[in-house]
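Asks: Structure file structure-v9.txt (compact mmCIF, C-alpha atoms) is given on the next line.
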```
# COMPACT_ATOMS: atom_id res chain seq x y z
CA MET R 1 -10.03 -33.09 3.93
CA GLU R 2 -8.53 -35.45 6.44
CA LEU R 3 -5.12 -34.34 5.28
CA LEU R 4 -6.06 -30.73 5.83
CA VAL R 5 -7.15 -31.45 9.40
CA LYS R 6 -3.89 -33.27 10.07
CA SER R 7 -1.77 -30.44 8.67
CA LEU R 8 -3.70 -27.80 10.56
CA PRO R 9 -1.40 -27.57 13.61
CA LEU R 10 1.66 -27.19 11.39
CA LEU R 11 -0.01 -24.57 9.23
CA ALA R 12 -1.20 -22.72 12.32
CA HIS R 13 2.37 -22.61 13.53
CA GLY R 14 3.46 -21.14 10.20
CA ALA R 15 0.59 -18.67 10.27
CA ALA R 16 1.79 -17.45 13.67
CA THR R 17 5.27 -16.84 12.23
CA THR R 18 3.75 -14.99 9.27
CA LEU R 19 1.70 -12.82 11.62
CA TYR R 20 4.72 -12.05 13.77
CA LEU R 21 6.89 -11.21 10.76
CA SER R 22 4.15 -9.03 9.28
CA ALA R 23 3.47 -7.12 12.48
CA ALA R 24 7.14 -6.49 13.19
CA ALA R 25 7.91 -5.51 9.59
CA ILE R 26 4.92 -3.14 9.47
CA VAL R 27 6.04 -1.41 12.67
CA PHE R 28 9.60 -1.11 11.39
CA ALA R 29 8.54 0.07 7.92
CA THR R 30 6.14 2.64 9.39
CA ALA R 31 8.79 4.08 11.70
CA LEU R 32 11.35 4.20 8.91
CA GLY R 33 8.83 5.70 6.50
CA LEU R 34 7.94 8.46 8.97
CA VAL R 35 11.57 9.34 9.61
CA LEU R 36 12.52 9.31 5.92
CA ALA R 37 9.46 11.31 4.92
CA LEU R 38 10.27 13.97 7.52
CA LEU R 39 13.91 14.05 6.39
CA GLN R 40 12.84 14.42 2.81
CA LEU R 41 10.39 17.20 3.62
CA PHE R 42 12.43 19.16 6.12
CA GLY R 43 16.02 17.88 5.85
CA GLY R 44 18.97 19.68 4.36
CA LEU R 45 20.14 19.22 0.81
CA ILE R 46 22.51 16.32 1.55
CA LEU R 47 20.01 14.41 3.68
CA ARG R 48 17.33 14.86 1.04
CA ALA R 49 19.67 13.58 -1.66
CA LEU R 50 20.60 10.54 0.44
CA VAL R 51 16.95 9.68 1.04
CA GLU R 52 16.26 10.11 -2.67
CA VAL R 53 19.05 7.67 -3.57
CA TYR R 54 17.75 5.18 -1.04
CA LEU R 55 14.23 5.38 -2.44
CA TYR R 56 15.52 5.05 -5.99
CA VAL R 57 17.50 1.92 -5.24
CA VAL R 58 14.72 0.22 -3.31
CA ARG R 59 12.17 1.10 -6.00
CA GLY R 60 14.33 -0.56 -8.66
CA VAL R 61 15.55 -3.72 -6.94
CA PRO R 62 13.34 -6.75 -6.13
CA LEU R 63 12.70 -7.65 -2.49
CA LEU R 64 13.89 -11.19 -3.24
CA VAL R 65 17.29 -9.86 -4.36
CA LEU R 66 17.64 -7.88 -1.12
CA LEU R 67 16.70 -10.96 0.92
CA PHE R 68 19.23 -13.09 -0.95
CA ALA R 69 21.86 -10.41 -0.53
CA MET R 70 21.28 -10.46 3.22
CA TYR R 71 21.21 -14.24 3.36
CA TYR R 72 24.43 -14.74 1.41
CA ALA R 73 26.42 -11.65 2.29
CA LEU R 74 25.96 -11.30 6.06
CA PRO R 75 27.92 -14.45 6.96
CA TYR R 76 30.83 -13.11 4.89
CA ALA R 77 30.66 -9.77 6.65
CA ASP R 78 30.87 -11.66 9.96
CA ILE R 79 27.55 -10.31 11.13
CA GLN R 80 25.64 -12.72 13.32
CA ILE R 81 21.95 -12.09 13.14
CA GLU R 82 18.87 -14.23 13.69
CA PRO R 83 17.36 -15.15 10.32
CA VAL R 84 13.93 -13.95 11.49
CA THR R 85 15.36 -10.60 12.58
CA GLY R 86 17.21 -10.33 9.29
CA GLY R 87 13.99 -10.98 7.39
CA ILE R 88 12.12 -8.35 9.38
CA VAL R 89 14.88 -5.79 8.82
CA VAL R 90 15.09 -6.37 5.06
CA ILE R 91 11.33 -6.37 4.57
CA GLY R 92 11.05 -3.28 6.77
CA LEU R 93 13.80 -1.48 4.82
CA TYR R 94 12.13 -2.38 1.54
CA PHE R 95 8.59 -1.35 2.40
CA GLY R 96 9.83 1.60 4.43
CA ALA R 97 10.53 3.21 1.05
CA PHE R 98 6.91 2.70 -0.01
CA MET R 99 5.74 4.11 3.33
CA THR R 100 7.93 7.16 2.81
CA GLU R 101 6.10 7.96 -0.42
CA VAL R 102 2.73 7.49 1.28
CA PHE R 103 3.54 9.81 4.19
CA ARG R 104 5.26 12.41 2.06
CA ALA R 105 2.34 12.64 -0.35
CA ALA R 106 -0.06 12.92 2.60
CA VAL R 107 1.83 15.76 4.27
CA LEU R 108 2.15 17.59 0.94
CA SER R 109 -1.60 17.25 0.41
CA VAL R 110 -2.30 19.53 3.38
CA PRO R 111 -2.92 23.00 1.93
CA LYS R 112 -0.28 25.63 2.52
CA GLY R 113 -2.88 27.93 4.06
CA GLN R 114 -3.10 25.56 7.03
CA TRP R 115 0.60 26.08 7.74
CA GLU R 116 0.30 29.82 7.40
CA ALA R 117 -2.78 30.01 9.59
CA ALA R 118 -1.11 27.93 12.31
CA ARG R 119 2.01 30.06 12.16
CA THR R 120 -0.07 33.22 12.45
CA LEU R 121 -1.61 31.76 15.59
CA GLY R 122 1.91 31.51 17.00
CA LEU R 123 2.34 27.73 16.99
CA THR R 124 5.85 26.33 16.82
CA THR R 125 6.81 24.04 13.95
CA PRO R 126 6.62 20.77 15.94
CA ARG R 127 3.20 21.83 17.27
CA ILE R 128 2.01 22.69 13.76
CA LEU R 129 3.15 19.29 12.51
CA LEU R 130 1.47 17.36 15.30
CA ASP R 131 -1.72 19.34 15.87
CA VAL R 132 -2.48 20.71 12.43
CA VAL R 133 -0.72 18.85 9.64
CA PHE R 134 -0.58 15.24 10.88
CA VAL R 135 -4.21 15.00 11.82
CA GLN R 136 -5.22 16.09 8.34
CA ALA R 137 -2.53 14.09 6.57
CA MET R 138 -3.66 10.94 8.40
CA ARG R 139 -6.96 10.93 6.51
CA VAL R 140 -5.20 11.13 3.18
CA ALA R 141 -2.58 8.56 4.14
CA GLY R 142 -5.12 6.02 5.44
CA PRO R 143 -6.06 4.03 2.32
CA PRO R 144 -2.59 3.90 0.70
CA TYR R 145 -1.08 3.08 4.09
CA ILE R 146 -3.36 0.07 4.49
CA ASN R 147 -2.54 -0.99 0.91
CA THR R 148 1.15 -0.89 1.74
CA CYS R 149 0.54 -2.92 4.91
CA ILE R 150 -1.19 -5.55 2.77
CA MET R 151 1.84 -5.55 0.48
CA VAL R 152 4.05 -6.13 3.54
CA VAL R 153 1.97 -9.12 4.64
CA LYS R 154 2.15 -10.60 1.14
CA GLY R 155 5.85 -9.74 0.92
CA THR R 156 6.64 -11.79 4.02
CA SER R 157 5.89 -14.90 1.94
CA LEU R 158 9.29 -14.40 0.28
CA VAL R 159 11.14 -15.36 3.47
CA SER R 160 10.08 -18.94 2.73
CA ILE R 161 12.65 -18.86 -0.09
CA ILE R 162 15.51 -18.20 2.31
CA GLY R 163 14.28 -20.97 4.58
CA LEU R 164 12.26 -19.27 7.31
CA ALA R 165 9.35 -21.42 8.48
CA ASP R 166 6.47 -19.11 7.64
CA VAL R 167 3.15 -20.43 6.42
CA THR R 168 4.26 -20.57 2.76
CA PHE R 169 7.38 -22.54 3.67
CA ILE R 170 5.45 -25.03 5.77
CA GLY R 171 2.79 -25.34 3.10
CA LYS R 172 5.44 -26.14 0.50
CA GLN R 173 7.00 -28.75 2.76
CA ILE R 174 3.66 -30.44 3.36
CA VAL R 175 2.97 -30.45 -0.39
CA GLU R 176 6.32 -32.10 -1.05
CA ARG R 177 5.39 -34.92 1.32
CA THR R 178 1.69 -35.32 0.56
CA LEU R 179 1.33 -34.23 -3.08
CA ALA R 180 -1.86 -32.32 -2.35
CA PRO R 181 -1.07 -28.88 -3.77
CA PHE R 182 -4.64 -27.63 -4.16
CA GLU R 183 -5.77 -28.24 -0.58
CA ILE R 184 -2.56 -27.10 1.09
CA PHE R 185 -1.75 -24.04 -1.03
CA GLY R 186 -5.45 -23.18 -0.93
CA ALA R 187 -5.23 -23.20 2.87
CA VAL R 188 -2.03 -21.13 2.79
CA ALA R 189 -3.67 -18.58 0.50
CA PHE R 190 -6.63 -18.52 2.87
CA VAL R 191 -4.37 -17.57 5.80
CA TYR R 192 -3.04 -14.56 3.86
CA PHE R 193 -6.52 -13.69 2.69
CA VAL R 194 -7.84 -13.57 6.25
CA ILE R 195 -4.99 -11.36 7.47
CA CYS R 196 -5.15 -8.97 4.51
CA PHE R 197 -8.91 -8.82 4.41
CA ALA R 198 -9.01 -8.04 8.12
CA LEU R 199 -6.47 -5.28 7.52
CA SER R 200 -8.48 -3.70 4.73
CA ARG R 201 -11.67 -3.89 6.80
CA LEU R 202 -9.86 -2.25 9.70
CA GLY R 203 -8.65 0.39 7.28
CA ARG R 204 -12.14 1.12 6.06
CA HIS R 205 -13.38 1.36 9.63
CA LEU R 206 -10.62 3.79 10.59
CA GLU R 207 -11.24 5.83 7.47
CA TRP R 208 -14.86 6.13 8.43
CA ARG R 209 -13.92 7.10 11.99
CA LEU R 210 -11.39 9.69 10.88
CA ASN R 211 -13.79 11.30 8.43
CA TYR R 212 -16.57 11.42 10.98
CA VAL R 213 -17.73 14.98 11.56
CA PRO R 214 -19.87 15.39 14.64
CA MET Y 1 40.10 2.79 -0.54
CA SER Y 2 40.16 1.99 -4.21
CA ILE Y 3 37.16 0.53 -5.89
CA ASP Y 4 37.91 -2.42 -8.10
CA LEU Y 5 35.22 -2.87 -10.70
CA SER Y 6 36.93 -5.67 -12.62
CA PHE Y 7 34.58 -8.20 -11.01
CA LEU Y 8 31.85 -6.78 -13.24
CA THR Y 9 33.50 -8.36 -16.25
CA ARG Y 10 33.60 -11.71 -14.47
CA VAL Y 11 30.08 -11.73 -13.04
CA ALA Y 12 28.14 -9.90 -15.74
CA PRO Y 13 28.41 -12.50 -18.56
CA THR Y 14 26.85 -15.26 -16.45
CA LEU Y 15 24.11 -12.94 -15.22
CA ALA Y 16 23.47 -11.77 -18.78
CA GLU Y 17 22.43 -15.33 -19.61
CA GLY Y 18 19.53 -14.85 -17.25
CA LEU Y 19 18.80 -11.35 -18.47
CA SER Y 20 17.17 -12.50 -21.72
CA THR Y 21 14.83 -14.81 -19.79
CA THR Y 22 13.90 -11.99 -17.41
CA ILE Y 23 13.09 -9.71 -20.35
CA LEU Y 24 11.25 -12.46 -22.23
CA LEU Y 25 9.11 -12.96 -19.15
CA ALA Y 26 8.66 -9.31 -18.14
CA VAL Y 27 7.52 -8.00 -21.53
CA PRO Y 28 4.61 -10.41 -22.08
CA ALA Y 29 3.76 -10.20 -18.36
CA ILE Y 30 3.37 -6.42 -18.59
CA LEU Y 31 1.47 -6.45 -21.90
CA LEU Y 32 -0.85 -9.29 -20.90
CA SER Y 33 -1.52 -7.77 -17.45
CA ALA Y 34 -2.44 -4.46 -19.06
CA THR Y 35 -4.81 -6.24 -21.46
CA TRP Y 36 -6.28 -8.58 -18.85
CA GLY Y 37 -6.81 -5.55 -16.62
CA ILE Y 38 -9.09 -4.01 -19.26
CA VAL Y 39 -11.15 -7.21 -19.42
CA VAL Y 40 -11.41 -7.28 -15.62
CA VAL Y 41 -12.42 -3.63 -15.34
CA MET Y 42 -15.17 -4.22 -17.92
CA GLY Y 43 -16.34 -7.02 -15.63
CA LEU Y 44 -16.17 -4.76 -12.54
CA LEU Y 45 -18.26 -2.08 -14.26
CA SER Y 46 -20.67 -4.52 -15.88
CA ARG Y 47 -24.42 -3.87 -15.69
CA PHE Y 48 -24.93 -7.55 -14.96
CA ARG Y 49 -24.79 -8.06 -11.24
CA LEU Y 50 -23.41 -11.59 -11.49
CA VAL Y 51 -20.51 -10.58 -13.77
CA ALA Y 52 -19.65 -7.63 -11.54
CA ASP Y 53 -19.75 -9.83 -8.43
CA ILE Y 54 -17.50 -12.45 -9.99
CA ALA Y 55 -15.00 -9.82 -11.11
CA ARG Y 56 -15.03 -8.18 -7.66
CA SER Y 57 -14.46 -11.51 -5.86
CA TYR Y 58 -11.62 -12.33 -8.23
CA VAL Y 59 -9.93 -8.99 -7.57
CA GLU Y 60 -10.35 -9.33 -3.79
CA VAL Y 61 -9.00 -12.89 -3.67
CA VAL Y 62 -6.03 -12.17 -5.89
CA ARG Y 63 -5.06 -8.90 -4.22
CA ASN Y 64 -5.19 -10.36 -0.75
CA THR Y 65 -2.94 -13.36 -1.43
CA PRO Y 66 0.78 -13.37 -2.30
CA VAL Y 67 1.82 -13.89 -5.91
CA LEU Y 68 4.38 -16.44 -4.70
CA VAL Y 69 1.66 -18.68 -3.27
CA GLN Y 70 -0.34 -18.29 -6.49
CA MET Y 71 2.76 -19.33 -8.43
CA PHE Y 72 3.19 -22.44 -6.28
CA PHE Y 73 -0.52 -23.19 -6.57
CA ILE Y 74 -0.43 -23.04 -10.37
CA PHE Y 75 2.96 -24.69 -10.82
CA PHE Y 76 2.54 -27.63 -8.45
CA GLY Y 77 -1.22 -27.81 -8.96
CA SER Y 78 -0.96 -28.10 -12.74
CA GLY Y 79 1.52 -30.93 -12.42
CA PHE Y 80 -0.71 -32.73 -9.95
CA ALA Y 81 -3.77 -32.29 -12.16
CA GLY Y 82 -1.93 -33.99 -15.03
CA TYR Y 83 -1.34 -30.92 -17.16
CA PRO Y 84 2.13 -29.87 -16.03
CA LEU Y 85 2.96 -26.28 -16.96
CA SER Y 86 6.56 -25.19 -17.33
CA GLY Y 87 7.89 -22.88 -14.63
CA PHE Y 88 7.92 -20.10 -17.17
CA THR Y 89 4.25 -20.51 -18.12
CA ALA Y 90 3.11 -20.94 -14.52
CA GLY Y 91 5.07 -17.86 -13.48
CA LEU Y 92 3.71 -15.80 -16.35
CA LEU Y 93 0.16 -16.89 -15.54
CA ALA Y 94 0.51 -16.00 -11.85
CA LEU Y 95 2.05 -12.60 -12.66
CA VAL Y 96 -0.75 -11.77 -15.12
CA LEU Y 97 -3.51 -12.92 -12.76
CA GLN Y 98 -2.11 -10.87 -9.88
CA ASN Y 99 -1.15 -7.71 -11.73
CA GLY Y 100 -4.19 -7.75 -14.01
CA ALA Y 101 -6.30 -7.24 -10.88
CA TYR Y 102 -4.16 -4.27 -9.80
CA MET Y 103 -4.26 -2.82 -13.31
CA ALA Y 104 -8.06 -3.18 -13.34
CA GLU Y 105 -8.27 -1.07 -10.18
CA ILE Y 106 -6.01 1.53 -11.79
CA TYR Y 107 -8.21 1.65 -14.91
CA ARG Y 108 -11.29 1.92 -12.72
CA GLY Y 109 -9.88 5.01 -11.04
CA GLY Y 110 -9.03 6.43 -14.46
CA ILE Y 111 -12.48 5.78 -15.87
CA ARG Y 112 -14.11 7.39 -12.85
CA GLY Y 113 -11.93 10.44 -13.45
CA VAL Y 114 -13.26 10.96 -16.97
CA SER Y 115 -16.16 13.40 -17.00
CA HIS Y 116 -19.41 11.66 -17.90
CA ARG Y 117 -20.19 14.57 -20.14
CA LEU Y 118 -17.67 13.19 -22.61
CA ALA Y 119 -19.57 9.90 -22.75
CA GLU Y 120 -22.81 11.85 -23.18
CA ALA Y 121 -21.24 13.88 -25.98
CA GLY Y 122 -20.47 10.58 -27.71
CA LEU Y 123 -24.08 9.49 -27.31
CA ALA Y 124 -25.27 12.83 -28.69
CA LEU Y 125 -23.11 12.23 -31.76
CA GLY Y 126 -24.99 9.00 -32.31
CA LEU Y 127 -22.49 6.49 -30.91
CA THR Y 128 -23.83 3.46 -29.12
CA PRO Y 129 -23.03 3.42 -25.37
CA ARG Y 130 -20.52 0.66 -25.99
CA ARG Y 131 -18.68 2.57 -28.71
CA SER Y 132 -18.83 5.78 -26.71
CA PHE Y 133 -17.09 3.94 -23.87
CA GLY Y 134 -14.58 2.18 -26.09
CA LEU Y 135 -13.73 5.10 -28.36
CA ILE Y 136 -13.92 8.04 -25.97
CA VAL Y 137 -13.88 7.20 -22.27
CA LEU Y 138 -11.42 4.31 -22.22
CA PRO Y 139 -8.66 5.95 -24.32
CA ILE Y 140 -8.79 9.11 -22.19
CA ALA Y 141 -8.80 7.04 -19.00
CA ILE Y 142 -5.80 5.00 -20.11
CA ARG Y 143 -3.86 8.09 -21.06
CA ASN Y 144 -4.51 9.57 -17.64
CA VAL Y 145 -3.35 6.51 -15.72
CA ILE Y 146 -0.05 5.89 -17.51
CA PRO Y 147 2.05 6.93 -14.46
CA PRO Y 148 0.41 4.40 -12.08
CA LEU Y 149 0.46 1.77 -14.85
CA SER Y 150 4.17 2.42 -15.21
CA ASN Y 151 4.65 1.90 -11.46
CA GLN Y 152 2.80 -1.38 -11.70
CA GLY Y 153 5.04 -2.36 -14.62
CA VAL Y 154 8.11 -1.76 -12.46
CA LEU Y 155 6.60 -4.00 -9.77
CA ILE Y 156 6.03 -6.69 -12.43
CA ILE Y 157 9.66 -6.49 -13.55
CA LYS Y 158 10.75 -6.90 -9.94
CA ASP Y 159 8.31 -9.76 -9.34
CA THR Y 160 9.71 -11.74 -12.26
CA SER Y 161 12.53 -12.57 -9.82
CA LEU Y 162 10.09 -14.89 -8.03
CA VAL Y 163 10.06 -17.44 -10.85
CA ALA Y 164 13.60 -18.33 -9.74
CA THR Y 165 11.84 -20.41 -7.07
CA ILE Y 166 10.12 -22.58 -9.67
CA SER Y 167 13.44 -23.16 -11.42
CA VAL Y 168 13.28 -20.71 -14.29
CA ALA Y 169 16.85 -19.67 -15.07
CA GLU Y 170 16.37 -15.90 -15.04
CA LEU Y 171 18.61 -13.21 -13.52
CA THR Y 172 18.12 -13.95 -9.83
CA PHE Y 173 18.40 -17.69 -10.44
CA GLN Y 174 21.75 -17.24 -12.18
CA ALA Y 175 22.99 -14.96 -9.42
CA ARG Y 176 22.09 -17.54 -6.84
CA LEU Y 177 23.94 -20.26 -8.76
CA LEU Y 178 26.99 -18.01 -8.87
CA ALA Y 179 26.73 -17.20 -5.19
CA ASP Y 180 26.58 -20.90 -4.34
CA ARG Y 181 29.74 -21.57 -6.31
CA THR Y 182 31.95 -18.61 -5.51
CA ALA Y 183 32.77 -16.45 -2.54
CA ALA Y 184 32.27 -13.12 -4.31
CA VAL Y 185 28.75 -12.64 -2.97
CA PHE Y 186 28.96 -8.86 -2.55
CA GLU Y 187 30.05 -8.41 -6.14
CA ILE Y 188 27.39 -10.79 -7.44
CA PHE Y 189 24.46 -9.18 -5.67
CA PHE Y 190 25.73 -5.70 -6.36
CA THR Y 191 25.84 -6.50 -10.07
CA LEU Y 192 22.45 -8.19 -9.90
CA ALA Y 193 20.88 -5.14 -8.25
CA LEU Y 194 22.50 -2.99 -10.93
CA PHE Y 195 20.91 -5.12 -13.67
CA TYR Y 196 17.45 -4.62 -12.15
CA LEU Y 197 18.02 -0.91 -11.60
CA VAL Y 198 18.98 -0.46 -15.26
CA LEU Y 199 16.01 -2.56 -16.44
CA THR Y 200 13.47 -0.64 -14.37
CA ALA Y 201 15.06 2.69 -15.27
CA ILE Y 202 14.84 1.92 -19.00
CA PHE Y 203 11.23 0.83 -18.60
CA SER Y 204 10.12 3.91 -16.66
CA GLY Y 205 12.02 6.09 -19.10
CA CYS Y 206 10.10 4.57 -22.01
CA MET Y 207 6.81 5.03 -20.17
CA ARG Y 208 7.61 8.69 -19.53
CA LEU Y 209 8.28 9.15 -23.25
CA LEU Y 210 4.98 7.46 -24.05
CA GLU Y 211 3.19 9.70 -21.58
CA ARG Y 212 4.68 12.77 -23.20
CA ARG Y 213 3.76 11.56 -26.67
CA LEU Y 214 0.16 10.96 -25.67
CA ARG Y 215 -0.31 14.20 -23.75
CA LEU Y 216 -2.68 16.63 -25.41
CA ALA Y 217 -1.11 19.84 -26.57
```
So, in terms of structure tokens, how does the structure I just supplied come out?

Replies:
Amino acid sequence: MELLVKSLPLLAHGAATTLYLSAAAIVFATALGLVLALLQLFGGLILRALVEVYLYVVRGVPLLVLLFAMYYALPYADIQIEPVTGGIVVIGLYFGAFMTEVFRAAVLSVPKGQWEAARTLGLTTPRILLDVVFVQAMRVAGPPYINTCIMVVKGTSLVSIIGLADVTFIGKQIVERTLAPFEIFGAVAFVYFVICFALSRLGRHLEWRLNYVP
Amino acid sequence: MSIDLSFLTRVAPTLAEGLSTTILLAVPAILLSATWGIVVVMGLLSRFRLVADIARSYVEVVRNTPVLVQMFFIFFGSGFAGYPLSGFTAGLLALVLQNGAYMAEIYRGGIRGVSHRLAEAGLALGLTPRRSFGLIVLPIAIRNVIPPLSNQGVLIIKDTSLVATISVAELTFQARLLADRTAAVFEIFFTLALFYLVLTAIFSGCMRLLERRLRLA
């Protein structure tokens, strides 16, 4: 217990890094997912094929392998990049593929009649997307989107393997010094639990708000 | 630009040494997760409040914490408690605990999708509720959720790479050793990614065949 109190400042520091990584990666993955989903739905043949290849590769290769590839290969390619930025980019690229599937499925779930009705009313395609399709797709996308966000938060733990000082990394270092795996890894798990649980609660709240019919 | 693929013959043999470990870990991890998931979903749907609550808490805790941290917890914790598990066993345990919870949620969705009239038909034929569930509802539910189960299986195959951190010499571990020794990092990670792509493609292909076999005419 005393040990836990003493390690608290260090763990809090790691938790802040984890939060920052998660938030940045979620923003990046969401933006990428939106763009790729739109390309896949409305792009030309070549663009669609490229997106499909990208999704296929990311679906079949572990996140850890991509992180290692970045970690080992970038210095050889003479690309100078902050390790934290590199981590955010790789995690964002990886989960962006998952986001793409979420958004695409949501847009496709909007009945065709909605498109036709909006077109009959004389709306332009961007207007239809924003005012008619997105608002309905958002409800469908809500729960799987939050699930993917939780996967991003959990996925950030892998950056500890390439030496970024997130909460998992710091926890492991403390355990190596103090030999108290249960307390420390329990506390680390608790940090993730709080973040993810808060996310899923927020998701449920939003879902309730979006489905509210006055 | 000409593409020289000769590096494949240099890198692939070393990686192949790790391939067998990856497969030996992935296969039991997938089978045990699928089985453990059934146990957990029985708990989630139990009539006994206490059992259902325990199962629900387990699922929530496991799904909201990273599998890597669970691996460290089990691996380092077991050593500290005096019953050291090998990296392989600890990794397998963590993978099954994590993915069993996800599989349970998939089964739950599948079971909810089966019309309750089918269960009632079983009762009308004189089956006990338990047998009606086990012989009618569950098989139909499992057949219906093979695609999401297959997705989860792919995630398990990819997550086996994490045991490299608790010194199990599987694919990613071998690749990292190679990358530390040589300068051919692009070739190494390209080949490594290829290995995983082939593995996951074979697995999803098999699952699609299974799905087609089980589909009702």

Asks: Show me which bits of chain R are within 10 Å of chain Y, counting all atoms listed in the file, as a compact mmCIF listing (two decimals) with C-alpha atoms, in the frame of the given file.

Replies:
```txt
# COMPACT_ATOMS: atom_id res chain seq x y z
CA TYR R 56 15.52 5.05 -5.99
CA VAL R 57 17.50 1.92 -5.24
CA VAL R 58 14.72 0.22 -3.31
CA ARG R 59 12.17 1.10 -6.00
CA GLY R 60 14.33 -0.56 -8.66
CA VAL R 61 15.55 -3.72 -6.94
CA PRO R 62 13.34 -6.75 -6.13
CA LEU R 63 12.70 -7.65 -2.49
CA LEU R 64 13.89 -11.19 -3.24
CA VAL R 65 17.29 -9.86 -4.36
CA LEU R 66 17.64 -7.88 -1.12
CA PHE R 68 19.23 -13.09 -0.95
CA ALA R 69 21.86 -10.41 -0.53
CA MET R 70 21.28 -10.46 3.22
CA TYR R 71 21.21 -14.24 3.36
CA TYR R 72 24.43 -14.74 1.41
CA ALA R 73 26.42 -11.65 2.29
CA LEU R 74 25.96 -11.30 6.06
CA TYR R 76 30.83 -13.11 4.89
CA ALA R 77 30.66 -9.77 6.65
CA ASN R 147 -2.54 -0.99 0.91
CA ILE R 150 -1.19 -5.55 2.77
CA MET R 151 1.84 -5.55 0.48
CA VAL R 152 4.05 -6.13 3.54
CA VAL R 153 1.97 -9.12 4.64
CA LYS R 154 2.15 -10.60 1.14
CA GLY R 155 5.85 -9.74 0.92
CA THR R 156 6.64 -11.79 4.02
CA SER R 157 5.89 -14.90 1.94
CA LEU R 158 9.29 -14.40 0.28
CA SER R 160 10.08 -18.94 2.73
CA ILE R 161 12.65 -18.86 -0.09
CA VAL R 167 3.15 -20.43 6.42
CA THR R 168 4.26 -20.57 2.76
CA PHE R 169 7.38 -22.54 3.67
CA GLY R 171 2.79 -25.34 3.10
CA LYS R 172 5.44 -26.14 0.50
CA VAL R 175 2.97 -30.45 -0.39
CA GLU R 176 6.32 -32.10 -1.05
CA LEU R 179 1.33 -34.23 -3.08
CA ALA R 180 -1.86 -32.32 -2.35
CA PRO R 181 -1.07 -28.88 -3.77
CA PHE R 182 -4.64 -27.63 -4.16
CA GLU R 183 -5.77 -28.24 -0.58
CA ILE R 184 -2.56 -27.10 1.09
CA PHE R 185 -1.75 -24.04 -1.03
CA GLY R 186 -5.45 -23.18 -0.93
CA VAL R 188 -2.03 -21.13 2.79
CA ALA R 189 -3.67 -18.58 0.50
CA PHE R 190 -6.63 -18.52 2.87
CA VAL R 191 -4.37 -17.57 5.80
CA TYR R 192 -3.04 -14.56 3.86
CA PHE R 193 -6.52 -13.69 2.69
CA VAL R 194 -7.84 -13.57 6.25
CA ILE R 195 -4.99 -11.36 7.47
CA CYS R 196 -5.15 -8.97 4.51
CA PHE R 197 -8.91 -8.82 4.41
CA ALA R 198 -9.01 -8.04 8.12
CA LEU R 199 -6.47 -5.28 7.52
CA SER R 200 -8.48 -3.70 4.73
```

Asks: Counting only C-alpha atoms, which residues have an atom no more than 10 Å from (7.0, -23.5, 7.9) in the file's coordinates? Please list them as a PyMOL selection string.

Replies: chain R and resi 10-18+160+163-174

Asks: What does the distance between CA of Ala29 (chain Y) and CA of Val59 (chain Y) come to in Å, to one decimal place?

Replies: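 Going from CA of Ala29 (chain Y) over to CA of Val59 (chain Y), I get 17.5 Å.
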
Asks: Give me the residues within 7 Å of Gly203 (chain R) as a count of residues only, counting all atoms listed in the file and dropping any in the same chain fewer than 3 places off.

Replies: 7

Asks: For CA of Gly109 (chain Y) and CA of Gly113 (chain R), determine how far apart the two atoms are, in Å to one decimal place.

Replies: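 Computing it gives 28.3 Å between the two atoms.
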
Asks: I need the residue nearest Ala34 (chain Y) from this list: Y:Glu211, Y:Glu105, Y:Asp53, Y:Glu170. Use all atoms listed in the file for the distance.

Replies: Y:Glu105

Asks: In Å to one decimal, how far is CA of Ile30 (chain Y) from CA of Ala12 (chain Y)?

Replies: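 Interatomic distance, CA of Ala12 (chain Y) to CA of Ile30 (chain Y): 25.2 Å.
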
Asks: Tell me which residues come within 9 Å of (-1.7, -10.3, -12.7), as JSON, numbers by chain, counting all atoms listed in the file in the file's coordinates.

Replies: {"Y": [29, 30, 32, 33, 34, 36, 37, 62, 67, 92, 93, 94, 95, 96, 97, 98, 99, 100, 101, 102, 103, 156]}

Asks: Report as a PDB file with C-alpha atoms, in the coordinates of the input all protein, DNA and RNA residues lying within 7 Å of region 39-41 of chain R, evaluated on all atoms listed in the file, omitting residues in the same chain fewer than 6 positions from it.

Replies:
```pdb
ATOM      1  CA  LEU R  47      20.010  14.410   3.680  1.00  0.00           C
ATOM      2  CA  ARG R  48      17.330  14.860   1.040  1.00  0.00           C
ATOM      3  CA  VAL R  51      16.950   9.680   1.040  1.00  0.00           C
TER       4      VAL R  51
END
```
